[in-house]
Amino acid sequence: MPEELQDNSKKTSKEIWLFLIFVDIVALCVFGFFIYKSFFNDFDFASLIPQTYAEEEVLAEADVQENILVEKEKLPQEEAPAVVAEEPKPVQNEPEVKPAKLAEAPAEKPVVKAEPKKQSVFVSGSGKTRKVTFKYYGNAKSVSIISGFTMRKPVALKKSGGVWSATLVIYPGEYRYMFIVDGKETPDPNALQDDGRSVVVIK
């Protein structure tokens, strides 16, 4: 073989061996790291600490507690105040409170229903005058009407079907009138009242 080929083969073999050595070193480092980690997790470092040190700490704490108890016993204890029992007070009989009588409700007054008023004046017609009919619904032997529109003279009403009536021709205006029932002046119970007289407004 020529010398150049021999030199090249030696170089390549050296490079291969160097690469293999480097790979082995890396593998050993990784393997050693995992072994160290597993050993560190499983190993109990507390077992390496001497027990005497822990026992000395427990004894020191016990001595401190004993010293505290001794100091408390030396302190003067305060005497508790004597409790004097009070004599029971006599129970006074309270006066009985009688319930107040309920106020009696006032008796209800009977409600008197007012009879509806009947129409006693009827107006009809137009123009200057009106025809006005007056009616009286009470029981009587004789009935008449007196007012300014009768010239202060009584005008007799006629009875028909139990009702007294009379029709007069009157000018529009407001008038006061009275019925004369069996000789007595009586206001119309179904009309407005003013000063004891009945009032009619003719429009």
# chains A, B, ... in the order shown; residues from 1 in each chain; ligands from 1
>>> residues_around(residues="Gly161 of chain A", least_positions_apart="3", cutoff="12 Å", atoms="only C-alpha atoms", output="ChimeraX atom specification")
/A:135-139,158,164-165
>>> write_last_selection(atoms="C-alpha atoms", output="PDB file, in the first residue's frame")
ATOM      1  CA  LYS A 135    -150.212  69.756  42.113  1.00  0.00           C
ATOM      2  CA  TYR A 136    -150.760  68.869  45.777  1.00  0.00           C
ATOM      3  CA  TYR A 137    -150.614  65.170  46.777  1.00  0.00           C
ATOM      4  CA  GLY A 138    -151.860  65.304  50.392  1.00  0.00           C
ATOM      5  CA  ASN A 139    -155.232  64.422  51.826  1.00  0.00           C
ATOM      6  CA  LYS A 158    -159.506  70.729  41.769  1.00  0.00           C
ATOM      7  CA  TRP A 164    -155.273  68.355  43.724  1.00  0.00           C
ATOM      8  CA  SER A 165    -154.196  70.465  40.699  1.00  0.00           C
TER       9      SER A 165
END
>>> atom_distance(atom1="atom CA of Leu157 of chain A", atom2="atom CA of Ser142 of chain A")
7.8 Å
>>> residues_around(residues="Ala156 of chain A", least_positions_apart="5", cutoff="12 Å", atoms="only C-alpha atoms", output="PyMOL selection string")
chain A and resi 134-136+141-146+150+164-168+179-183
>>> atom_distance(atom1="atom CA of Val169 of chain A", atom2="atom CA of Val201 of chain A")
13.8 Å
>>> residues_around(residues="Tyr171 of chain A", least_positions_apart="6", cutoff="7 Å", atoms="only C-alpha atoms", output="PyMOL selection string")
chain A and resi 128-130
>>> atom_distance(atom1="atom CA of Pro189 of chain A", atom2="atom CA of Lys118 of chain A")
8.8 Å
>>> residues_around(residues="Gly196 of chain A", least_positions_apart="5", cutoff="12 Å", atoms="only C-alpha atoms", output="list in words")
Arg176, Tyr177, Met178, Phe179, Glu185, Thr186, Pro187, Asp188, Pro189 and Ala191 of chain A
>>> closest_residue(among="A:Asn190, A:Asp24, A:Tyr175, A:Gly127", to="Met151 of chain A", atoms="only C-alpha atoms")
A:Tyr175
